Structures are given as C-alpha cells and as structure tokens.
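Structure below is my_file_30.cif: mmCIF, C-alpha atoms.
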```cif
data_input
loop_
_atom_site.label_atom_id
_atom_site.label_comp_id
_atom_site.auth_asym_id
_atom_site.auth_seq_id
_atom_site.Cartn_x
_atom_site.Cartn_y
_atom_site.Cartn_z
CA MET A 746 -28.21 -48.73 -12.81
CA ASP A 747 -30.77 -49.80 -10.24
CA THR A 748 -34.29 -48.85 -11.35
CA LYS A 749 -36.27 -49.61 -8.21
CA ARG A 750 -37.52 -46.03 -7.92
CA CYS A 751 -36.91 -44.79 -11.45
CA PHE A 752 -37.08 -45.85 -15.06
CA ALA A 753 -33.78 -46.26 -16.89
CA ASN A 754 -32.89 -43.15 -18.87
CA ARG A 755 -32.27 -44.49 -22.36
CA PHE A 756 -32.16 -41.10 -24.07
CA ASP A 757 -28.99 -39.96 -25.76
CA ASP A 758 -27.64 -36.85 -24.09
CA TYR A 759 -27.48 -33.46 -25.78
CA GLN A 760 -25.51 -33.45 -29.03
CA GLY A 761 -25.88 -29.76 -29.86
CA SER A 762 -29.39 -29.54 -31.31
CA LEU A 763 -32.87 -28.97 -29.90
CA LEU A 764 -36.34 -29.93 -31.02
CA ALA A 765 -37.29 -26.26 -31.31
CA GLY A 766 -40.32 -26.28 -33.60
CA GLN A 767 -41.21 -29.85 -32.76
CA CYS A 768 -41.32 -29.07 -29.06
CA GLU A 769 -44.02 -26.42 -29.32
CA GLU A 770 -45.93 -28.44 -31.88
CA ALA A 771 -45.87 -31.52 -29.63
CA VAL A 772 -46.32 -29.92 -26.21
CA ALA A 773 -49.06 -27.35 -26.82
CA PRO A 774 -51.77 -29.94 -27.64
CA LEU A 775 -50.75 -31.97 -24.59
CA VAL A 776 -51.23 -28.91 -22.38
CA THR A 777 -54.67 -28.24 -23.84
CA ALA A 778 -55.75 -31.87 -23.60
CA THR A 779 -54.58 -32.20 -20.00
CA ILE A 780 -56.38 -29.01 -18.90
CA GLU A 781 -59.58 -30.14 -20.64
CA ARG A 782 -59.33 -33.49 -18.88
CA ILE A 783 -58.94 -31.78 -15.52
CA LEU A 784 -61.96 -29.53 -16.13
CA GLN A 785 -64.12 -32.46 -17.24
CA GLU A 786 -63.22 -34.91 -14.51
CA LEU A 787 -62.44 -32.78 -11.45
CA PRO A 788 -65.21 -33.19 -8.84
CA PRO A 789 -66.89 -30.04 -7.49
CA LEU A 790 -64.98 -28.29 -4.75
CA GLY A 791 -66.43 -27.94 -1.29
CA GLY A 792 -67.14 -30.47 1.40
CA GLY A 793 -65.59 -28.85 4.44
CA ALA A 794 -62.84 -30.89 6.03
CA GLU A 795 -62.28 -33.05 2.98
CA ALA A 796 -61.61 -30.03 0.81
CA ARG A 797 -59.42 -28.45 3.43
CA GLY A 798 -57.47 -31.68 3.66
CA ALA A 799 -56.39 -31.33 0.05
CA GLU A 800 -53.32 -29.32 -0.81
CA ALA A 801 -54.54 -25.79 -0.19
CA ALA A 802 -52.41 -24.22 -2.85
CA GLY A 803 -53.17 -26.99 -5.34
CA SER A 804 -56.91 -26.82 -4.71
CA SER A 805 -56.82 -23.05 -4.95
CA CYS A 806 -54.98 -23.35 -8.24
CA GLN A 807 -57.82 -25.51 -9.50
CA TRP A 808 -60.24 -22.70 -8.60
CA GLY A 809 -58.30 -20.51 -11.01
CA LEU A 810 -58.94 -23.06 -13.78
CA TYR A 811 -62.65 -22.58 -13.23
CA GLY A 812 -62.20 -18.95 -14.19
CA GLY A 813 -64.67 -17.07 -12.00
CA LEU A 814 -64.95 -19.24 -8.95
CA ASP A 815 -65.27 -17.08 -5.86
CA ALA A 816 -62.33 -18.28 -3.83
CA CYS A 817 -63.01 -16.18 -0.78
CA ALA A 818 -66.64 -17.26 -0.69
CA ARG A 819 -65.41 -20.84 -0.65
CA ALA A 820 -63.09 -20.03 2.21
CA GLU A 821 -65.98 -18.53 4.17
CA GLU A 822 -68.10 -21.63 3.53
CA TRP A 823 -65.36 -23.74 5.08
CA GLY A 824 -65.14 -21.47 8.09
CA GLU A 825 -61.91 -20.20 9.60
CA PRO A 826 -58.85 -22.41 9.02
CA ASP A 827 -57.79 -24.67 11.86
CA ALA A 828 -55.70 -22.83 14.43
CA ASP A 829 -52.60 -24.90 13.70
CA THR A 830 -52.76 -24.36 9.93
CA ARG A 831 -53.89 -20.74 9.74
CA ALA A 832 -50.48 -19.54 8.57
CA ALA A 833 -49.67 -22.59 6.41
CA PHE A 834 -48.94 -21.86 2.76
CA LEU A 835 -49.15 -25.25 1.07
CA LEU A 836 -51.48 -26.98 3.55
CA GLY A 837 -53.64 -24.26 5.06
CA GLY A 838 -55.05 -20.77 5.36
CA ALA A 839 -52.19 -18.67 4.00
CA GLY A 840 -52.31 -20.63 0.74
CA VAL A 841 -56.06 -20.07 0.41
CA TYR A 842 -55.76 -16.31 0.94
CA ALA A 843 -52.66 -15.95 -1.23
CA VAL A 844 -54.13 -17.74 -4.22
CA ALA A 845 -57.52 -16.03 -3.76
CA THR A 846 -55.62 -12.75 -3.95
CA LEU A 847 -53.94 -13.80 -7.18
CA VAL A 848 -57.17 -15.04 -8.77
CA TYR A 849 -59.03 -11.82 -7.91
CA HIS A 850 -56.15 -9.70 -9.16
CA ALA A 851 -55.91 -11.66 -12.42
CA LEU A 852 -59.64 -11.12 -12.97
CA GLY A 853 -59.18 -7.37 -12.52
CA ARG A 854 -61.16 -7.24 -9.29
CA SER A 855 -60.22 -4.43 -6.93
CA ASP A 856 -61.43 -6.42 -3.92
CA TYR A 857 -58.32 -8.61 -4.13
CA VAL A 858 -57.18 -6.45 -1.23
CA GLN A 859 -59.61 -8.31 1.08
CA PRO A 860 -57.95 -11.76 0.95
CA LEU A 861 -54.59 -9.96 0.82
CA GLY A 862 -55.45 -8.28 4.10
CA LYS A 863 -56.33 -11.63 5.63
CA PHE A 864 -53.01 -13.00 4.42
CA ARG A 865 -51.11 -10.10 5.99
CA SER A 866 -52.89 -10.57 9.31
CA LEU A 867 -51.40 -14.08 9.58
CA CYS A 868 -47.96 -12.57 10.14
CA ALA A 869 -48.84 -12.18 13.82
CA VAL A 870 -49.75 -15.88 14.03
CA CYS A 871 -46.32 -17.15 13.01
CA SER A 872 -44.15 -14.51 14.68
CA PRO A 873 -43.75 -16.34 18.04
CA VAL A 874 -40.64 -18.54 18.01
CA SER A 875 -42.66 -21.70 18.73
CA PHE A 876 -46.20 -21.50 17.39
CA LEU A 877 -46.52 -25.10 16.15
CA GLU A 878 -45.74 -28.21 18.16
CA CYS A 879 -44.70 -30.14 15.04
CA GLY A 880 -42.08 -27.54 14.09
CA SER A 881 -42.68 -23.89 13.28
CA ASP A 882 -40.29 -23.24 10.42
CA GLU A 883 -40.70 -25.66 7.50
CA LEU A 884 -42.23 -24.97 4.09
CA PHE A 885 -45.63 -26.69 4.08
CA VAL A 886 -47.09 -25.41 7.35
CA GLY A 887 -44.42 -23.21 8.94
CA ARG A 888 -42.83 -19.80 8.63
CA ALA A 889 -40.71 -20.62 5.57
CA GLY A 890 -43.92 -21.29 3.68
CA TYR A 891 -45.47 -18.02 4.82
CA LEU A 892 -42.40 -16.11 3.57
CA CYS A 893 -42.55 -18.12 0.34
CA ALA A 894 -46.19 -17.08 -0.16
CA ALA A 895 -45.29 -13.44 0.44
CA LEU A 896 -42.55 -13.81 -2.18
CA VAL A 897 -45.03 -15.18 -4.73
CA LEU A 898 -47.45 -12.32 -4.01
CA LYS A 899 -44.66 -9.75 -4.33
CA GLN A 900 -43.69 -11.20 -7.69
CA LYS A 901 -47.21 -11.42 -9.13
CA LEU A 902 -48.57 -8.15 -7.72
CA ALA A 903 -45.32 -6.22 -8.33
CA GLN A 904 -45.41 -4.88 -4.79
CA GLU A 905 -44.11 -5.87 -1.38
CA VAL A 906 -47.05 -7.27 0.58
CA LEU A 907 -45.42 -7.29 4.02
CA THR A 908 -43.81 -4.33 5.74
CA PRO A 909 -40.07 -4.39 6.46
CA ALA A 910 -40.90 -4.76 10.16
CA GLN A 911 -43.12 -7.80 9.46
CA ILE A 912 -40.46 -9.43 7.28
CA LYS A 913 -37.77 -8.85 9.88
CA SER A 914 -39.95 -10.30 12.63
CA ILE A 915 -40.56 -13.52 10.69
CA CYS A 916 -36.91 -13.88 9.66
CA GLN A 917 -35.79 -13.24 13.23
CA ALA A 918 -38.17 -15.89 14.55
CA ILE A 919 -36.74 -18.42 12.05
CA LEU A 920 -33.21 -17.49 13.07
CA ASP A 921 -33.94 -17.62 16.80
CA SER A 922 -35.71 -20.96 16.42
CA GLY A 923 -32.79 -22.43 14.47
CA LYS A 924 -30.21 -21.12 16.92
CA GLN A 925 -32.10 -22.50 19.90
CA TYR A 926 -32.57 -25.93 18.34
CA ALA A 927 -28.93 -26.17 17.19
CA MET A 928 -27.69 -25.19 20.64
CA LYS A 929 -30.06 -27.55 22.44
CA LYS A 930 -29.02 -30.48 20.24
CA ARG A 931 -25.33 -29.48 20.34
CA LYS A 932 -24.99 -29.19 16.58
CA PRO A 933 -21.60 -28.16 15.14
CA PHE A 934 -23.33 -25.57 12.94
CA PRO A 935 -25.48 -22.57 13.87
CA LEU A 936 -28.98 -23.23 12.47
CA MET A 937 -31.01 -26.43 12.47
CA TYR A 938 -34.69 -27.37 12.61
CA SER A 939 -36.92 -30.40 13.01
CA TYR A 940 -40.40 -31.31 11.80
CA TYR A 941 -42.33 -33.90 13.82
CA GLY A 942 -39.04 -34.73 15.52
CA THR A 943 -37.10 -35.42 12.31
CA GLU A 944 -34.18 -33.28 11.14
CA TYR A 945 -35.11 -33.12 7.46
CA LEU A 946 -32.76 -31.65 4.86
CA GLY A 947 -34.90 -31.51 1.71
CA ALA A 948 -37.12 -28.85 0.19
CA ALA A 949 -40.46 -30.17 1.41
CA HIS A 950 -39.92 -30.07 5.17
CA GLY A 951 -36.27 -29.42 5.75
CA LEU A 952 -33.29 -27.17 6.20
CA SER A 953 -32.74 -26.35 2.52
CA SER A 954 -36.02 -24.50 1.90
CA ILE A 955 -35.81 -22.68 5.24
CA LEU A 956 -32.34 -21.38 4.35
CA GLN A 957 -33.58 -20.57 0.84
CA MET A 958 -36.28 -18.32 2.26
CA LEU A 959 -33.78 -16.56 4.53
CA LEU A 960 -31.60 -15.88 1.49
CA SER A 961 -34.67 -14.60 -0.37
CA TYR A 962 -35.02 -11.90 2.31
CA TYR A 963 -31.29 -11.46 2.78
CA GLU A 964 -31.36 -7.66 3.00
CA HIS A 965 -33.70 -7.83 6.00
CA ILE A 966 -31.23 -9.90 8.07
CA LYS A 967 -28.50 -8.25 10.14
CA PRO A 968 -24.90 -9.01 9.06
CA SER A 969 -24.06 -11.25 12.04
CA ASP A 970 -27.06 -13.45 11.24
CA GLN A 971 -26.29 -13.42 7.52
CA GLU A 972 -23.00 -15.08 8.42
CA LEU A 973 -24.86 -17.79 10.34
CA VAL A 974 -27.02 -18.44 7.29
CA TRP A 975 -23.94 -18.86 5.07
CA GLN A 976 -22.31 -21.17 7.59
CA SER A 977 -25.45 -23.32 7.54
CA VAL A 978 -25.62 -23.30 3.72
CA ASP A 979 -22.01 -24.45 3.57
CA PHE A 980 -22.66 -27.12 6.20
CA LEU A 981 -25.53 -28.47 4.11
CA MET A 982 -23.32 -28.48 1.04
CA GLU A 983 -20.85 -30.66 2.96
CA GLN A 984 -23.59 -33.27 3.55
CA GLU A 985 -23.60 -34.18 -0.14
CA GLN A 986 -23.19 -37.89 -0.88
CA ASN A 987 -22.37 -38.52 -4.55
CA CYS A 988 -24.43 -35.58 -5.86
CA ASN A 989 -27.35 -36.24 -3.50
CA TRP A 990 -28.51 -35.61 0.06
CA PRO A 991 -30.24 -38.00 2.47
CA PRO A 992 -33.77 -37.13 3.63
CA GLU A 993 -32.57 -36.45 7.17
CA LEU A 994 -29.41 -35.33 8.86
CA GLY A 995 -26.81 -38.01 9.56
CA GLU A 996 -28.44 -40.66 7.39
CA ALA A 997 -26.38 -42.65 4.89
CA ILE A 998 -27.87 -42.96 1.41
CA GLU A 999 -28.68 -46.50 0.29
CA ARG A 1000 -28.12 -46.35 -3.45
CA GLU A 1001 -30.67 -49.06 -4.21
CA ASN A 1002 -33.33 -47.04 -2.36
CA GLU A 1003 -32.09 -43.52 -3.12
CA LEU A 1004 -34.55 -40.61 -3.10
CA VAL A 1005 -34.02 -38.26 -6.04
CA HIS A 1006 -37.13 -36.13 -5.57
CA TRP A 1007 -37.95 -32.44 -5.23
CA CYS A 1008 -39.31 -33.15 -1.75
CA HIS A 1009 -36.29 -35.16 -0.58
CA GLY A 1010 -32.96 -35.03 -2.35
CA ALA A 1011 -30.98 -33.14 -4.97
CA PRO A 1012 -33.84 -31.96 -7.22
CA GLY A 1013 -35.21 -29.79 -4.40
CA ILE A 1014 -32.00 -28.86 -2.62
CA ALA A 1015 -30.74 -27.49 -5.96
CA TYR A 1016 -32.99 -24.46 -5.47
CA LEU A 1017 -31.21 -23.44 -2.28
CA PHE A 1018 -27.83 -23.52 -3.99
CA ALA A 1019 -29.27 -21.65 -6.98
CA LYS A 1020 -30.41 -18.91 -4.62
CA ALA A 1021 -27.06 -18.97 -2.83
CA TYR A 1022 -25.32 -18.51 -6.17
CA LEU A 1023 -27.59 -15.64 -7.23
CA VAL A 1024 -27.02 -13.83 -3.92
CA SER A 1025 -23.28 -14.46 -3.54
CA LYS A 1026 -22.11 -15.12 -7.13
CA LYS A 1027 -19.78 -17.78 -5.71
CA PRO A 1028 -19.15 -20.52 -8.32
CA GLN A 1029 -19.16 -23.41 -5.84
CA TYR A 1030 -22.91 -23.01 -5.38
CA LEU A 1031 -23.55 -23.14 -9.13
CA ASP A 1032 -21.25 -26.16 -9.38
CA THR A 1033 -23.37 -27.90 -6.73
CA CYS A 1034 -26.53 -27.14 -8.73
CA ILE A 1035 -24.94 -28.62 -11.83
CA ARG A 1036 -24.11 -31.83 -9.96
CA CYS A 1037 -27.74 -32.00 -8.82
CA GLY A 1038 -28.75 -31.78 -12.46
CA GLU A 1039 -26.41 -34.59 -13.49
CA LEU A 1040 -27.88 -36.94 -10.89
CA THR A 1041 -31.41 -35.93 -11.91
CA TRP A 1042 -30.63 -36.75 -15.56
CA GLN A 1043 -29.50 -40.22 -14.44
CA LYS A 1044 -32.22 -41.03 -11.89
CA GLY A 1045 -35.02 -38.50 -12.38
CA LEU A 1046 -37.47 -40.52 -14.50
CA LEU A 1047 -39.40 -41.40 -11.39
CA LYS A 1048 -41.99 -44.14 -11.07
CA LYS A 1049 -44.11 -42.23 -8.56
CA GLY A 1050 -45.94 -40.31 -11.27
CA PRO A 1051 -45.95 -37.13 -13.35
CA GLY A 1052 -46.03 -34.56 -10.54
CA ILE A 1053 -43.64 -31.94 -9.28
CA CYS A 1054 -43.18 -33.16 -5.69
CA HIS A 1055 -41.81 -36.65 -6.36
CA GLY A 1056 -42.46 -37.14 -10.06
CA VAL A 1057 -40.96 -36.64 -13.49
CA ALA A 1058 -42.08 -33.01 -13.90
CA GLY A 1059 -40.41 -32.10 -10.61
CA SER A 1060 -37.18 -33.63 -11.88
CA ALA A 1061 -37.41 -31.83 -15.20
CA TYR A 1062 -37.85 -28.46 -13.50
CA VAL A 1063 -34.21 -28.77 -12.34
CA PHE A 1064 -33.14 -28.59 -15.99
CA LEU A 1065 -35.22 -25.45 -16.56
CA LEU A 1066 -33.65 -23.95 -13.43
CA LEU A 1067 -30.17 -24.74 -14.73
CA TYR A 1068 -31.00 -23.29 -18.13
CA ARG A 1069 -31.95 -19.99 -16.51
CA LEU A 1070 -28.76 -20.02 -14.45
CA THR A 1071 -26.36 -20.99 -17.24
CA GLY A 1072 -28.02 -20.36 -20.61
CA ASN A 1073 -26.81 -23.82 -21.70
CA SER A 1074 -29.24 -25.32 -24.22
CA LYS A 1075 -28.48 -28.87 -23.13
CA TYR A 1076 -30.79 -28.29 -20.17
CA ILE A 1077 -33.73 -27.43 -22.43
CA TYR A 1078 -32.97 -30.60 -24.38
CA ARG A 1079 -33.01 -32.66 -21.17
CA ALA A 1080 -36.31 -31.10 -20.08
CA GLN A 1081 -37.74 -31.92 -23.51
CA ARG A 1082 -36.71 -35.54 -23.19
CA PHE A 1083 -38.35 -35.84 -19.75
CA ALA A 1084 -41.53 -34.24 -21.12
CA GLU A 1085 -41.52 -36.74 -23.96
CA PHE A 1086 -41.17 -39.62 -21.53
CA LEU A 1087 -44.31 -38.53 -19.64
CA PHE A 1088 -46.41 -39.58 -22.62
CA THR A 1089 -44.76 -42.91 -23.41
CA GLU A 1090 -46.43 -46.25 -22.89
CA GLU A 1091 -43.51 -47.27 -20.65
CA PHE A 1092 -44.30 -44.46 -18.23
CA LYS A 1093 -48.07 -44.97 -18.34
CA ALA A 1094 -47.74 -48.69 -17.68
CA GLY A 1095 -44.99 -48.53 -15.07
CA SER A 1096 -45.77 -45.47 -12.96
CA ARG A 1097 -47.77 -45.49 -9.76
CA VAL A 1098 -51.51 -44.85 -9.79
CA LEU A 1099 -52.14 -41.52 -8.07
CA GLU A 1100 -54.78 -40.68 -5.49
CA SER A 1101 -54.57 -36.89 -5.91
CA ILE A 1102 -54.42 -37.12 -9.66
CA TYR A 1103 -55.16 -33.45 -10.37
CA SER A 1104 -53.38 -31.83 -7.45
CA LEU A 1105 -50.65 -29.25 -7.99
CA TYR A 1106 -47.85 -31.16 -6.29
CA GLU A 1107 -48.62 -34.81 -6.98
CA GLY A 1108 -50.82 -34.77 -10.04
CA PHE A 1109 -51.41 -33.24 -13.45
CA SER A 1110 -51.82 -29.60 -12.43
CA GLY A 1111 -48.11 -29.36 -11.70
CA THR A 1112 -47.33 -31.30 -14.87
CA VAL A 1113 -49.25 -28.71 -16.89
CA CYS A 1114 -47.21 -25.96 -15.23
CA PHE A 1115 -44.02 -27.72 -16.31
CA LEU A 1116 -45.18 -28.24 -19.90
CA ILE A 1117 -46.15 -24.58 -20.22
CA ASP A 1118 -42.80 -23.51 -18.75
CA LEU A 1119 -41.04 -25.74 -21.26
CA LEU A 1120 -42.55 -23.52 -23.97
CA GLN A 1121 -41.17 -20.39 -22.28
CA PRO A 1122 -37.94 -21.52 -20.62
CA ASN A 1123 -36.64 -17.99 -20.06
CA GLN A 1124 -39.48 -17.45 -17.56
CA ALA A 1125 -39.69 -20.99 -16.20
CA GLU A 1126 -40.06 -21.41 -12.43
CA PHE A 1127 -40.98 -24.26 -10.14
CA PRO A 1128 -44.56 -23.38 -9.06
CA LEU A 1129 -44.78 -21.20 -5.96
CA PHE A 1130 -41.05 -21.61 -5.28
CA SER A 1131 -39.18 -18.95 -7.23
CA VAL A 1132 -35.49 -18.26 -6.71
CA PHE A 1133 -35.48 -15.32 -9.15
CA VAL A 1134 -37.35 -12.75 -7.03
#
```

Written form, structure tokens:
Amino acid sequence: MDTKRCFANRFDDYQGSLLAGQCEEAVAPLVTATIERILQELPPLGGGAEARGAEAAGSSCQWGLYGGLDACARAEEWGEPDADTRAAFLLGGAGVYAVATLVYHALGRSDYVQPLGKFRSLCAVCSPVSFLECGSDELFVGRAGYLCAALVLKQKLAQEVLTPAQIKSICQAILDSGKQYAMKKRKPFPLMYSYYGTEYLGAAHGLSSILQMLLSYYEHIKPSDQELVWQSVDFLMEQEQNCNWPPELGEAIERENELVHWCHGAPGIAYLFAKAYLVSKKPQYLDTCIRCGELTWQKGLLKKGPGICHGVAGSAYVFLLLYRLTGNSKYIYRAQRFAEFLFTEEFKAGSRVLESIYSLYEGFSGTVCFLIDLLQPNQAEFPLFSVFV
C-alpha cells in the first residue's frame, strides 16, 4: 500500500476481544496530560483580527477550558464580526455566540440567553439565497454551518433554539440555492453547490454536509423537496470510487495521492450516509458507511497530525460512529488501535508539525475530544457535527 499520505496500518484486525480495562487505564492519563499541556502552553486569547482569524469554534472551545472566561466580553472586545462571517459557525460570529451560550449555560449562568439571542438574530443574515459571494451554503461559513450550530444548541440546551419558521426559511434558502445552481450548470441531479467556484463533495465545504443538515431538519422540508434531497443523496452515493469520494465533482481519484480525511473523502462523507440511514432505515446507506470505515482502517493513520479535520483522530471517529450505528465491538477495537498509534514514536517522528497545535479541528483539542469519547463510546460524537439529534 502506498503510504505517501498515511502510515501503514500494521495492527492486526479485531479477533473478538477488546482492551476494556486497559483502554481506560491507558487513555485517561493521556487526556489529563494533554489538557494540562494545553492550559500551560496556550497563549492568552485576544488580539483582535489574529484571534478572529483562528477557528472560532476551536478558540471558543479553548475558552471553556479556562473555566470562567467571559466569552461574550471577549466578543465585545473584538467588536462586531466581519459582515461576511457574521453567520459563520466554524469561522465566525455564529460559532462565537453558540459556544458562549454553551459555556454560560454549563456554568449555570442565566444570562446565557444574551449570546443565544445574538445567535438567533443571525438567522436573518443568512436567509437571502445569495448572501456570500464565495458560496452561501457550505459548513464553515455558510447556512449549513448555521443549521449545524442550531442543532448543537438544541442538543445541549434540550430545547429548539430557532422557530419552525426560521428553520424553514434557512432550509428553503439552501434548497433554492441548490436548485438554481444545478439548473444553471445543467447538472443531471437536482441540488448542487460551489464554494469559491469549486464543486466540493466532502464534509468541510461540500455537498455531503449540506445534504446532511437538510436531513437533520427533514420534518421542516415539504415532501416534494424531500424527494430532491434523496435524489441528491443517491447521486452522491453513485460518485463513490473504491470506497472513497474525490474532493470535487467529476474528479478521478489518484490512488497514490488519495485524500482519506474528514474534510475531503470517506471519513467525512460517512456522516451524511449515517444520517440518511437513521432517517430512512434503508440498508444501502449503512452499507456505504461500512465501506467508508473499511477504507479508513486501511488508510486512516494520516501523516498530517492528530486532529479531527485531516488527522488520525478524525479517522478514528468513523469507527465510533459505526459502533453507535451497528453495536459491533470491532469498531471500538479499531478506534483503540488508532488512539494507541497517536502516542507511538513512529507517529511523533513522521507526522507533520502543526501550526494550530491546540485548535479544535487541526490540533490537540479535537484529539482530546476523541480520547474522551473513546471512554464513553455509547455517547461518542464527532465534535459539533452530530448525526444523532
């Protein structure tokens, strides 16, 4: 197997036994040590544009680690978010307000309703069909991300944070945008989108996460549009090339340079088909998820680092997803093996040096999330990207 982008997986596959006690004994100290390292070495937050340029959700998550940091005060120090990122979940204002809400609520503060109100007000920003020149619908800065944030808030606060009318308006804008683009570009399927002129397919910027969010709000979509969503899901399933998907539509996968990442490829697209299976109960969607997991077992020990976007923890989350879908213990075993690999000398010596070493998506914050979820696999979820709500 070519190992240009990944380490060779030399682990034996599941033989019917887990490392039950050993896993907790081994992983818990690693979680504690990694969190302590983050707290000791993380530079102070602040600094205006530089801070805003970091992953908003990841930076906000770091505020939570500081325990009483006043997230909204920080947001006020920075000033209002840039106009083009006000409604962005992972790279802008919506992420700041959403995570501030969660931090306040976790601390038992009744004024969590203030950042929650600011989050709700952003619905009007992303309701127009075209509100961003780069593409209005993808996960990091577009409407799919805003719906994803609302889903996280609903789950953590145990209440719907948007009204049915607001949800319908956002879903309708996504649908109208996808219909218009598909018609303009003469696509043989009903919904398609682009981001900075590229027709991405993966979870980070592409079709799969947009469709996943529409399925997450399925009951708010009229039946004729539900059918268009399913047609698009099935079209995407047909784009599979040997258990993987190219980063963009119409591209052939070069096996020696294949992307097997959450952001681009099977480890992220798996979440769409998991959601499709949970909504429809059709076995072909679960079968597609399982194929994603097989490829990830083969090529998921990535050299780009430990993170969840394009690193080993992001790969391993696919196994925790499959465990929750199937109950098959082999997926816990595979996640354990990937966790073990994160702390080997081979990985430390051969993986890329990270710039955002403590960020949620690229660095150790996401890795900590994975390690904690490995200790509680029945509740495990890829951070901020649940399919079980």

* To do: Can you pull out every residue within 10 Å of Ser954 in chain A, counting all atoms listed in the file, but drop anything in the same chain fewer than 2 positions away, and send it as a PyMOL selection string?
  => chain A and resi 882-884+889-890+893+946-952+956-960+1008+1013-1017+1130

Please, what is the axis-aligned box for every listed atom of range 903-921 of chain A with 8 Å on each side, as centre and edge lengths in Å to one decimal, as AutoDock Vina command-line options?
```
--center_x -40.1 --center_y -11.4 --center_z 4.2 --size_x 29.8 --size_y 30.1 --size_z 41.1
```

field: Selection: 12 Å around Leu898 in chain A, only C-alpha atoms, excl. self and same-chain fewer than 4 positions, as a ChimeraX atom specification
entry: /A:834,839-840,842-848,850-851,857-858,860-861,864-865,891-894,902-907,1129-1131,1134

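Considering all atoms listed in the file, the residue among A:Leu1023, A:Leu973, A:Leu867, A:Leu1046 positioned nearest to Glu1091 in chain A is A:Leu1046.
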
In terms of all atoms listed in the file, the residue from A:Gly838, A:Gly1095, A:Pro1012, A:Pro968 at minimal distance from Cys751 in chain A is A:Gly1095

As a check of understanding: the span from CA of Thr1033 in chain A to CA of Ala1011 in chain A is 9.4 Å

For Lys1048 in chain A, please output as number ranges by chain all residues within 9 Å (counting all atoms listed in the file; exclusion window: fewer than 5 positions along the same chain). A: 749-752, 1055-1057, 1092, 1095-1097

**Request:** Identify all residues satisfying the PyMOL selection byres ((chain A and resi 940) around 9) in the given file; provide them as a list in words.
**Result:** Glu878, Cys879, Gly880, Ser881, Asp882, Glu883, Tyr938, Ser939, Tyr941, Gly942, Thr943, Glu944, Tyr945, His950 and Gly951 of chain A

Using only C-alpha atoms, the residue out of A:Thr1071, A:Thr779, A:Gln976, A:Ser1104 with shortest distance to Cys1034 in chain A is A:Thr1071

Expressed in Å, the length from CA of Glu996 in chain A to CA of Phe934 in chain A is 16.9 Å
